[in-house]
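What follows is start27.txt (compact mmCIF, C-alpha atoms).
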```txt
# COMPACT_ATOMS: atom_id res chain seq x y z
CA MET L 26 103.45 14.00 2.81
CA CYS L 27 102.31 10.72 1.24
CA GLN L 28 102.13 7.42 3.09
CA LEU L 29 101.61 3.82 2.03
CA LYS L 30 99.32 1.74 4.24
CA ILE L 31 98.60 -1.97 3.81
CA ILE L 32 94.99 -2.84 3.07
CA ASN L 33 93.31 -6.22 3.58
CA ASP L 34 89.72 -5.46 2.63
CA LYS L 35 88.50 -6.64 -0.79
CA LYS L 36 85.31 -4.57 -0.85
CA ILE L 37 86.99 -1.29 0.08
CA TRP L 38 89.73 -1.94 -2.49
CA ASN L 39 87.35 -2.60 -5.39
CA ASP L 40 84.93 0.14 -4.31
CA PHE L 41 87.70 2.74 -4.55
CA ILE L 42 88.16 1.93 -8.26
CA ILE L 43 84.43 1.66 -8.92
CA ASN L 44 83.47 4.89 -7.17
CA TRP L 45 86.23 6.96 -8.76
CA ASP L 46 85.64 5.39 -12.21
CA PHE L 47 89.12 5.97 -13.68
CA GLU L 48 89.47 6.55 -17.42
CA PHE L 49 91.33 3.27 -17.93
CA TYR L 50 91.13 0.21 -15.70
CA SER L 51 90.48 -3.52 -16.08
CA PHE L 52 90.34 -6.78 -14.17
CA VAL L 53 94.08 -6.58 -13.39
CA ASN L 54 93.25 -3.67 -11.04
CA SER L 55 90.78 -5.78 -9.07
CA TRP L 56 91.37 -7.48 -5.74
CA GLN L 57 90.65 -10.77 -7.51
CA TRP L 58 93.73 -10.35 -9.70
CA GLY L 59 95.88 -10.26 -6.57
CA GLU L 60 94.21 -13.48 -5.40
CA PHE L 61 94.98 -15.00 -8.78
CA GLN L 62 98.64 -14.01 -8.45
CA GLU L 63 98.78 -15.72 -5.05
CA LEU L 64 97.56 -18.94 -6.71
CA GLU L 65 100.39 -18.48 -9.23
CA TRP L 66 102.81 -18.36 -6.26
CA ASN L 67 103.44 -14.62 -6.60
CA LYS L 68 103.15 -12.77 -3.30
CA THR L 69 100.94 -9.68 -3.45
CA PHE L 70 101.31 -6.40 -1.52
CA ARG L 71 98.36 -4.00 -1.62
CA TYR L 72 98.73 -0.42 -0.40
CA TRP L 73 96.52 2.60 0.09
CA ILE L 74 98.14 5.90 -0.80
CA TYR L 75 97.34 8.60 1.76
CA GLU L 76 98.19 12.30 1.74
CA ASN L 77 97.46 14.20 4.94
CA ASP L 78 95.03 11.47 6.00
CA ASN L 79 93.15 11.73 2.68
CA LEU L 80 92.86 8.56 0.60
CA ILE L 81 94.10 9.52 -2.87
CA GLY L 82 95.15 6.26 -4.52
CA GLU L 83 96.19 2.63 -4.33
CA ILE L 84 98.91 0.41 -5.72
CA GLN L 85 99.35 -3.34 -5.93
CA LEU L 86 102.86 -4.84 -5.97
CA ILE L 87 103.21 -8.38 -7.30
CA LYS L 88 106.45 -10.09 -6.29
CA VAL L 89 107.76 -12.25 -9.14
CA GLU L 90 110.56 -14.67 -8.34
CA ALA L 91 112.13 -15.68 -11.64
CA LYS L 92 115.12 -18.01 -12.10
CA ARG L 93 117.74 -15.28 -12.24
CA TRP L 94 116.11 -12.34 -10.43
CA THR L 95 113.24 -11.19 -8.24
CA TYR L 96 111.24 -8.08 -8.99
CA PHE L 97 108.00 -6.23 -8.27
CA PHE L 98 105.45 -5.81 -11.03
CA THR L 99 102.54 -3.36 -10.89
CA PRO L 100 99.98 -4.00 -13.69
CA HIS L 101 98.22 -0.77 -14.70
CA TRP L 102 99.14 0.92 -11.44
CA PRO L 103 99.28 3.18 -9.55
CA LEU L 104 95.72 4.52 -9.57
CA ILE L 105 95.87 8.10 -8.25
CA LYS L 106 92.97 10.55 -8.03
CA TRP L 107 94.96 13.72 -8.72
CA ASP L 108 98.49 15.15 -8.97
CA TYR L 109 99.70 11.86 -10.44
CA PHE L 110 103.41 12.61 -10.81
CA ASP L 111 103.65 14.63 -7.62
CA VAL L 112 102.27 11.67 -5.68
CA LEU L 113 104.38 9.16 -7.59
CA GLU L 114 107.52 11.12 -6.73
CA LYS L 115 106.58 11.12 -3.04
CA ILE L 116 105.95 7.35 -2.88
CA SER L 117 108.83 6.20 -5.12
CA THR L 118 111.34 6.27 -2.27
CA ASP L 119 109.05 4.08 -0.14
CA LEU L 120 108.50 1.72 -3.07
CA LYS L 121 112.24 1.35 -3.49
CA GLU L 122 112.68 0.56 0.22
CA ILE L 123 109.93 -2.08 0.06
CA ALA L 124 111.70 -3.59 -2.96
CA LYS L 125 115.03 -3.74 -1.10
CA GLU L 126 113.36 -5.39 1.90
CA ASN L 127 112.01 -8.09 -0.40
CA TRP L 128 115.26 -8.60 -2.33
CA CYS L 129 113.84 -7.22 -5.57
CA SER L 130 116.30 -5.94 -8.17
CA PHE L 131 113.78 -3.61 -9.82
CA ILE L 132 110.17 -2.42 -9.86
CA ARG L 133 108.26 -2.52 -13.14
CA LEU L 134 105.33 -0.15 -13.42
CA ASN L 135 102.86 -0.77 -16.24
CA PRO L 136 101.17 2.68 -15.98
CA ASN L 137 97.49 3.22 -16.77
CA ILE L 138 98.21 6.67 -18.24
CA SER L 139 98.32 7.62 -21.92
CA ASN L 140 101.41 7.31 -24.10
CA THR L 141 102.41 10.96 -24.43
CA LYS L 142 105.81 12.66 -24.60
CA GLU L 143 104.91 14.72 -21.55
CA ASN L 144 104.18 11.61 -19.45
CA LYS L 145 107.36 9.92 -20.64
CA ILE L 146 109.50 12.97 -19.75
CA LYS L 147 107.95 13.17 -16.28
CA TYR L 148 108.69 9.48 -15.63
CA SER L 149 112.29 10.01 -16.79
CA LYS L 150 112.70 12.90 -14.36
CA LEU L 151 111.77 10.49 -11.55
CA ASN L 152 114.60 8.15 -12.68
CA TYR L 153 112.38 5.55 -14.35
CA ILE L 154 113.59 3.99 -17.61
CA ASP L 155 111.82 2.16 -20.42
CA ALA L 156 111.43 -1.54 -19.62
CA PRO L 157 113.00 -3.85 -22.22
CA MET L 158 109.78 -5.90 -22.40
CA HIS L 159 106.09 -5.44 -21.70
CA ILE L 160 104.03 -7.83 -19.53
CA HIS L 161 100.41 -6.73 -20.01
CA ALA L 162 98.71 -5.03 -22.94
CA GLU L 163 99.91 -1.49 -23.64
CA ASP L 164 98.48 -0.89 -27.10
CA THR L 165 94.85 -1.92 -27.11
CA HIS L 166 91.62 -1.48 -29.04
CA LEU L 167 88.51 -0.21 -27.26
CA LEU L 168 84.86 -0.24 -28.29
CA ALA L 169 82.48 2.19 -26.57
CA LEU L 170 79.22 0.45 -25.63
CA TRP L 171 75.81 1.54 -24.29
CA LYS L 172 74.41 1.48 -27.83
CA THR L 173 71.92 -0.62 -29.75
CA GLU L 174 73.13 -3.53 -31.85
CA GLU L 175 72.26 -1.59 -35.01
CA GLU L 176 74.35 1.38 -33.87
CA LEU L 177 77.33 -0.85 -33.11
CA LEU L 178 77.02 -2.69 -36.42
CA LYS L 179 76.68 0.32 -38.69
CA TRP L 180 80.37 1.23 -38.54
CA MET L 181 81.57 -2.25 -39.56
CA LYS L 182 82.44 -3.02 -43.17
CA SER L 183 79.79 -4.86 -45.17
CA LYS L 184 82.02 -7.92 -45.58
CA ASP L 185 82.50 -8.26 -41.83
CA LYS L 186 78.80 -7.79 -41.09
CA TYR L 187 78.13 -10.47 -43.70
CA PHE L 188 80.12 -13.02 -41.69
CA ILE L 189 77.98 -12.31 -38.62
CA ASN L 190 74.65 -12.44 -40.45
CA ARG L 191 75.60 -15.49 -42.51
CA ALA L 192 76.65 -17.42 -39.40
CA ARG L 193 73.25 -16.68 -37.85
CA LYS L 194 71.44 -17.85 -40.99
CA GLU L 195 73.49 -21.05 -40.97
CA TRP L 196 72.31 -21.68 -37.39
CA VAL L 197 75.74 -21.42 -35.80
CA GLU L 198 75.15 -22.26 -32.14
CA ILE L 199 76.40 -19.86 -29.47
CA LYS L 200 77.07 -21.30 -26.03
CA ILE L 201 77.82 -19.16 -22.95
CA TRP L 202 78.65 -21.39 -20.03
CA ASN L 203 81.54 -22.02 -17.62
CA ASP L 204 81.03 -25.78 -17.37
CA GLU L 205 83.95 -28.21 -17.23
CA GLU L 206 83.60 -29.32 -20.85
CA HIS L 207 83.63 -25.74 -22.10
CA ILE L 208 86.68 -24.76 -20.04
CA THR L 209 88.56 -27.89 -21.13
CA THR L 210 87.81 -27.08 -24.79
CA LEU L 211 89.13 -23.53 -24.33
CA ILE L 212 92.35 -24.81 -22.75
CA GLU L 213 92.91 -27.44 -25.43
CA TYR L 214 92.18 -25.11 -28.35
CA HIS L 215 94.35 -22.39 -26.81
CA ARG L 216 97.27 -24.82 -26.54
CA GLN L 217 96.85 -26.10 -30.10
CA HIS L 218 96.33 -22.60 -31.46
CA ALA L 219 99.68 -21.50 -30.02
CA ASN L 220 101.56 -24.47 -31.48
CA ARG L 221 100.25 -24.64 -35.04
CA ASP L 222 102.84 -25.93 -37.49
CA ASN L 223 104.13 -23.51 -40.11
CA TRP L 224 102.21 -20.63 -38.55
CA LYS L 225 104.18 -17.41 -38.87
CA ASN L 226 102.77 -15.84 -35.69
CA LYS L 227 103.28 -18.32 -32.86
CA TYR L 228 102.85 -17.31 -29.25
CA HIS L 229 103.30 -18.77 -25.79
CA ALA L 230 100.06 -20.27 -24.48
CA PHE L 231 98.91 -19.86 -20.88
CA SER L 232 99.22 -23.07 -18.89
CA GLU L 233 96.18 -25.12 -17.90
CA LYS L 234 96.81 -24.16 -14.27
CA TYR L 235 96.85 -20.47 -15.20
CA VAL L 236 93.52 -20.65 -17.03
CA ARG L 237 91.78 -22.70 -14.33
CA ASN L 238 92.98 -20.35 -11.62
CA LEU L 239 91.22 -17.49 -13.40
CA TYR L 240 87.94 -19.37 -12.99
CA LYS L 241 88.69 -19.84 -9.30
CA VAL L 242 89.07 -16.15 -8.43
CA PHE L 243 86.51 -14.58 -10.79
CA ASP L 244 82.88 -15.63 -10.36
CA GLU L 245 80.35 -16.35 -13.12
CA SER L 246 79.16 -12.75 -13.22
CA GLU L 247 82.74 -11.69 -14.07
CA ILE L 248 84.29 -14.40 -16.25
CA SER L 249 82.56 -15.92 -19.29
CA THR L 250 83.34 -18.69 -21.76
CA ILE L 251 81.67 -18.21 -25.14
CA SER L 252 81.81 -20.58 -28.10
CA ALA L 253 80.43 -20.87 -31.63
CA SER L 254 79.67 -24.33 -33.07
CA TYR L 255 78.50 -25.46 -36.49
CA ASN L 256 77.12 -28.95 -37.07
CA TRP L 257 77.94 -29.76 -33.43
CA PHE L 258 81.63 -28.91 -33.90
CA CYS L 259 83.14 -26.06 -31.89
CA GLU L 260 84.97 -23.77 -34.31
CA SER L 261 85.62 -20.74 -32.09
CA ILE L 262 85.87 -20.20 -28.34
CA LEU L 263 86.92 -17.27 -26.16
CA MET L 264 87.09 -15.95 -22.59
CA THR L 265 86.11 -12.51 -21.35
CA ILE L 266 86.70 -11.04 -17.89
CA LYS L 267 84.56 -8.16 -16.63
CA PHE L 268 85.37 -5.73 -13.85
CA TRP L 269 82.83 -3.00 -13.13
CA LYS L 270 82.08 -1.35 -16.52
CA THR L 271 85.02 -2.76 -18.50
CA CYS L 272 84.88 -6.15 -20.22
CA VAL L 273 88.16 -7.58 -21.55
CA TYR L 274 88.50 -10.09 -24.39
CA TYR L 275 91.35 -12.07 -22.85
CA ILE L 276 91.85 -15.55 -24.38
CA ALA L 277 90.60 -16.99 -27.65
CA ALA L 278 91.29 -19.90 -30.01
CA SER L 279 89.67 -21.51 -33.01
CA LYS L 280 89.51 -24.43 -35.43
CA ILE L 281 87.79 -22.87 -38.40
CA LYS L 282 86.21 -25.27 -40.91
CA SER L 283 83.48 -22.97 -42.23
CA LYS L 284 85.60 -20.23 -43.78
CA LYS L 285 82.72 -18.84 -45.86
CA PHE L 286 81.05 -17.60 -42.69
CA SER L 287 83.83 -17.83 -40.13
CA PRO L 288 82.12 -18.38 -36.72
CA ASN L 289 84.91 -16.29 -35.16
CA TYR L 290 82.98 -13.15 -36.06
CA LEU L 291 79.69 -14.23 -34.52
CA CYS L 292 81.45 -15.58 -31.40
CA GLN L 293 83.19 -12.23 -30.88
CA TRP L 294 80.02 -10.30 -31.65
CA GLU L 295 78.00 -12.25 -29.08
CA ALA L 296 80.70 -11.50 -26.49
CA ILE L 297 80.39 -7.79 -27.31
CA MET L 298 76.59 -7.89 -27.11
CA LYS L 299 76.74 -9.73 -23.78
CA ALA L 300 78.96 -6.97 -22.35
CA ASN L 301 76.64 -4.33 -23.79
CA ASN L 302 73.55 -5.98 -22.29
CA GLU L 303 75.30 -6.12 -18.91
CA TRP L 304 75.79 -2.33 -18.97
CA CYS L 305 79.52 -2.31 -19.58
CA SER L 306 80.69 1.00 -21.03
CA VAL L 307 83.84 -0.37 -22.72
CA TYR L 308 84.75 -3.60 -24.49
CA ASN L 309 88.54 -3.93 -24.36
CA PHE L 310 90.11 -6.10 -27.09
CA TRP L 311 93.36 -6.17 -25.06
CA GLY L 312 96.66 -6.36 -26.93
CA ILE L 313 97.16 -5.14 -30.50
CA SER L 314 100.20 -4.22 -32.58
CA PRO L 315 101.19 -0.53 -32.43
CA ASP L 316 100.85 -0.09 -36.20
CA ASP L 317 99.94 -1.94 -39.40
CA ASN L 318 103.33 -3.60 -39.85
CA PRO L 319 102.66 -7.25 -40.93
CA LEU L 320 105.97 -8.31 -39.30
CA HIS L 321 104.73 -7.52 -35.79
CA PRO L 322 104.09 -10.82 -33.90
CA ILE L 323 100.40 -10.09 -33.30
CA SER L 324 99.58 -8.28 -36.55
CA TRP L 325 97.26 -11.11 -37.65
CA VAL L 326 94.98 -10.90 -34.60
CA THR L 327 95.18 -7.10 -34.60
CA LYS L 328 93.51 -6.98 -38.02
CA PHE L 329 90.64 -9.07 -36.69
CA LYS L 330 90.16 -6.93 -33.56
CA ARG L 331 90.07 -3.70 -35.54
CA LYS L 332 87.27 -5.03 -37.76
CA PHE L 333 84.84 -4.33 -34.92
CA TRP L 334 85.45 -0.59 -35.29
CA GLY L 335 86.22 1.14 -31.99
CA TYR L 336 89.44 3.06 -31.48
CA ASP L 337 93.07 2.36 -30.57
CA TYR L 338 94.27 3.38 -27.12
CA SER L 339 97.95 3.47 -26.22
CA LEU L 340 99.26 3.35 -22.66
CA LEU L 341 102.72 4.52 -21.72
CA HIS L 342 105.25 1.73 -22.14
CA ALA L 343 106.27 -0.12 -18.95
CA GLN L 344 108.69 1.85 -16.76
CA ASP L 345 111.42 0.30 -14.59
CA MET L 346 112.90 1.65 -11.37
CA VAL L 347 116.36 0.13 -10.90
CA VAL L 348 116.97 -1.09 -7.35
CA SER L 349 120.18 -3.11 -7.75
CA ASN L 350 122.79 -3.73 -10.45
CA VAL L 351 121.43 -7.25 -11.01
CA TYR L 352 118.79 -5.46 -13.05
CA TRP L 353 121.18 -4.90 -15.98
CA LEU L 354 121.59 -8.63 -16.57
CA ASN L 355 117.82 -8.87 -16.76
CA TRP L 356 117.74 -5.86 -19.10
CA ALA L 357 120.21 -7.49 -21.50
CA ILE L 358 118.37 -10.84 -21.59
CA GLU L 359 114.91 -9.31 -22.04
CA THR L 360 116.16 -6.94 -24.73
CA PHE L 361 117.59 -9.89 -26.66
CA ARG L 362 114.32 -11.83 -26.33
CA ARG L 363 112.23 -8.86 -27.44
CA LYS L 364 114.30 -8.31 -30.58
CA LYS L 365 114.30 -12.02 -31.37
CA ARG L 366 110.48 -12.03 -31.22
CA TRP L 367 110.20 -8.83 -33.31
CA TYR L 368 108.39 -6.85 -30.63
CA TYR L 369 108.63 -3.07 -30.61
CA TYR L 370 106.58 -0.28 -29.06
CA LYS L 371 104.82 2.88 -30.11
CA LYS L 372 106.82 6.00 -29.40
CA PRO L 373 105.13 8.61 -27.19
CA GLN L 374 103.03 11.03 -29.23
```

Turn the structure described in the file into structure tokens.
Amino acid sequence: MCQLKIINDKKIWNDFIINWDFEFYSFVNSWQWGEFQELEWNKTFRYWIYENDNLIGEIQLIKVEAKRWTYFFTPHWPLIKWDYFDVLEKISTDLKEIAKENWCSFIRLNPNISNTKENKIKYSKLNYIDAPMHIHAEDTHLLALWKTEEELLKWMKSKDKYFINRARKEWVEIKIWNDEEHITTLIEYHRQHANRDNWKNKYHAFSEKYVRNLYKVFDESEISTISASYNWFCESILMTIKFWKTCVYYIAASKIKSKKFSPNYLCQWEAIMKANNEWCSVYNFWGISPDDNPLHPISWVTKFKRKFWGYDYSLLHAQDMVVSNVYWLNWAIETFRRKKRWYYYKKPQ
């Protein structure tokens, strides 16, 4: 018999993830991410999962109140020590009841398990269906750390290593600092980067409030702003967020003037080396396209991320539990938006 119990202790919550050291996790599993969601006016419900008085997992439900519907979203949850689908089956009824009590039309799980046919079939047997749209990264690129700089560099192509070495020889300045000027530059570049004229791959930028709230809930040991400047002009800037041994490359933007030695490469490399020096085991490049199709909306940035070697890692596509018939209106609208934006997902392998 599995039970859900509310938890209100940040340390115990984060320690559970740290001590168990799951194969895949990130800052969205942290207590801080729930605090961030509260600042974004999304109510957060955190639950322990108990079986016979043994703590075996935890799940965080984020209540999103959109214009047309309300739903629960669970980013890279649930985290379960063992018997994943057996436990999920036992708690799904309780999850559905919690959703009904909070007037949610569906629950969207963004599982932290691999994208296999077996996992997809097991979710289907529990009456979950493929979500029409993702929310967080599902296809990502990971770089294993705990190596020397030479070991990490040796797998890169000569041309890409050239950009890094040339930028250093040209005295490109790297700045790592969360001061107001740096954060403002990141926000402004991010906004401009998303709205470039005649750019084939446009995207929706995070709001200024969204970005600043990240700096409110994650401290300086967790969130970093890194930039690369040449001749006192900032050409590349990015944000990383670290949780335990995983560092995520989350937001980036650029105004490249020096194309012969694009500072983007050195900026990214310094972010990787910072994570490596801080004893992270994985550098997560976050979202990439599921294949090499140039028509995919993020194919351009995917090419850049894969230049740093590493390996692709695919999570199971988001799964929805239908709670009320209002869901199907949401399904139709999100399906239309996904197709309009040319998004598609990797089939289970």

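For the choices L:Arg193, L:His321, L:Lys241, L:Lys282, the atom-to-atom distance to L:Phe258 is smallest for L:Lys282 when using all atoms listed in the file.
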
One-decimal distance in Å that lies between atom CA of L:Pro322 and atom CA of L:Arg366: 7.0 Å

Closest to L:Ile323 among L:Tyr187, L:Trp311, L:Trp269, L:Trp171, using all atoms listed in the file?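 Between L:Tyr187, L:Trp311, L:Trp269, L:Trp171, the residue approaching L:Ile323 most closely is L:Trp311.
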
Using only C-alpha atoms, list the residues that have an atom at most 12 Å from (81.2, -0.5, -24.1), coordinates as in the file, as a PyMOL selection string. chain L and resi 166-174+177+267+269-273+296-310+334-336

C-alpha atoms of the current selection, written as a PDB file, in the coordinates of the input:
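What landed in out.pdb:
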```
ATOM      1  CA  HIS L 166      91.620  -1.480 -29.040  1.00  0.00           C
ATOM      2  CA  LEU L 167      88.510  -0.210 -27.260  1.00  0.00           C
ATOM      3  CA  LEU L 168      84.860  -0.240 -28.290  1.00  0.00           C
ATOM      4  CA  ALA L 169      82.480   2.190 -26.570  1.00  0.00           C
ATOM      5  CA  LEU L 170      79.220   0.450 -25.630  1.00  0.00           C
ATOM      6  CA  TRP L 171      75.810   1.540 -24.290  1.00  0.00           C
ATOM      7  CA  LYS L 172      74.410   1.480 -27.830  1.00  0.00           C
ATOM      8  CA  THR L 173      71.920  -0.620 -29.750  1.00  0.00           C
ATOM      9  CA  GLU L 174      73.130  -3.530 -31.850  1.00  0.00           C
ATOM     10  CA  LEU L 177      77.330  -0.850 -33.110  1.00  0.00           C
ATOM     11  CA  LYS L 267      84.560  -8.160 -16.630  1.00  0.00           C
ATOM     12  CA  TRP L 269      82.830  -3.000 -13.130  1.00  0.00           C
ATOM     13  CA  LYS L 270      82.080  -1.350 -16.520  1.00  0.00           C
ATOM     14  CA  THR L 271      85.020  -2.760 -18.500  1.00  0.00           C
ATOM     15  CA  CYS L 272      84.880  -6.150 -20.220  1.00  0.00           C
ATOM     16  CA  VAL L 273      88.160  -7.580 -21.550  1.00  0.00           C
ATOM     17  CA  ALA L 296      80.700 -11.500 -26.490  1.00  0.00           C
ATOM     18  CA  ILE L 297      80.390  -7.790 -27.310  1.00  0.00           C
ATOM     19  CA  MET L 298      76.590  -7.890 -27.110  1.00  0.00           C
ATOM     20  CA  LYS L 299      76.740  -9.730 -23.780  1.00  0.00           C
ATOM     21  CA  ALA L 300      78.960  -6.970 -22.350  1.00  0.00           C
ATOM     22  CA  ASN L 301      76.640  -4.330 -23.790  1.00  0.00           C
ATOM     23  CA  ASN L 302      73.550  -5.980 -22.290  1.00  0.00           C
ATOM     24  CA  GLU L 303      75.300  -6.120 -18.910  1.00  0.00           C
ATOM     25  CA  TRP L 304      75.790  -2.330 -18.970  1.00  0.00           C
ATOM     26  CA  CYS L 305      79.520  -2.310 -19.580  1.00  0.00           C
ATOM     27  CA  SER L 306      80.690   1.000 -21.030  1.00  0.00           C
ATOM     28  CA  VAL L 307      83.840  -0.370 -22.720  1.00  0.00           C
ATOM     29  CA  TYR L 308      84.750  -3.600 -24.490  1.00  0.00           C
ATOM     30  CA  ASN L 309      88.540  -3.930 -24.360  1.00  0.00           C
ATOM     31  CA  PHE L 310      90.110  -6.100 -27.090  1.00  0.00           C
ATOM     32  CA  TRP L 334      85.450  -0.590 -35.290  1.00  0.00           C
ATOM     33  CA  GLY L 335      86.220   1.140 -31.990  1.00  0.00           C
ATOM     34  CA  TYR L 336      89.440   3.060 -31.480  1.00  0.00           C
TER      35      TYR L 336
END
```

Rounded to one decimal, what separation in Å do you get between atom CA of L:Asn220 and atom CA of L:Ser324?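 Spanning atom CA of L:Asn220 to atom CA of L:Ser324 is a straight-line distance of 17.1 Å.
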
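Pairwise distance (atom CA of L:Leu86, atom CA of L:Asn67) equals 9.8 Å.
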
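Minimum distance to L:Gln344 across L:Lys36, L:Lys150, L:His229, L:Lys125 (counting all atoms listed in the file) occurs at L:Lys150.
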
Pick from L:Tyr338, L:Phe231, L:Phe333, L:Trp294, whichever lies nearest to L:Ile138 using all atoms listed in the file: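 For L:Ile138, the nearest of the candidates is L:Tyr338.
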
So which residues touch L:Trp66 within 12 Å, counting all atoms listed in the file, skipping near sequence neighbours fewer than 2 positions away, as a ChimeraX atom specification? /L:59-64,68-69,87-91,234-235,238

Could the residues in this selection be saved with C-alpha atoms as a PDB file, in the frame of the given file?
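Resulting contents of selection22.pdb:
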```pdb
ATOM      1  CA  GLY L  59      95.880 -10.260  -6.570  1.00  0.00           C
ATOM      2  CA  GLU L  60      94.210 -13.480  -5.400  1.00  0.00           C
ATOM      3  CA  PHE L  61      94.980 -15.000  -8.780  1.00  0.00           C
ATOM      4  CA  GLN L  62      98.640 -14.010  -8.450  1.00  0.00           C
ATOM      5  CA  GLU L  63      98.780 -15.720  -5.050  1.00  0.00           C
ATOM      6  CA  LEU L  64      97.560 -18.940  -6.710  1.00  0.00           C
ATOM      7  CA  LYS L  68     103.150 -12.770  -3.300  1.00  0.00           C
ATOM      8  CA  THR L  69     100.940  -9.680  -3.450  1.00  0.00           C
ATOM      9  CA  ILE L  87     103.210  -8.380  -7.300  1.00  0.00           C
ATOM     10  CA  LYS L  88     106.450 -10.090  -6.290  1.00  0.00           C
ATOM     11  CA  VAL L  89     107.760 -12.250  -9.140  1.00  0.00           C
ATOM     12  CA  GLU L  90     110.560 -14.670  -8.340  1.00  0.00           C
ATOM     13  CA  ALA L  91     112.130 -15.680 -11.640  1.00  0.00           C
ATOM     14  CA  LYS L 234      96.810 -24.160 -14.270  1.00  0.00           C
ATOM     15  CA  TYR L 235      96.850 -20.470 -15.200  1.00  0.00           C
ATOM     16  CA  ASN L 238      92.980 -20.350 -11.620  1.00  0.00           C
TER      17      ASN L 238
END
```
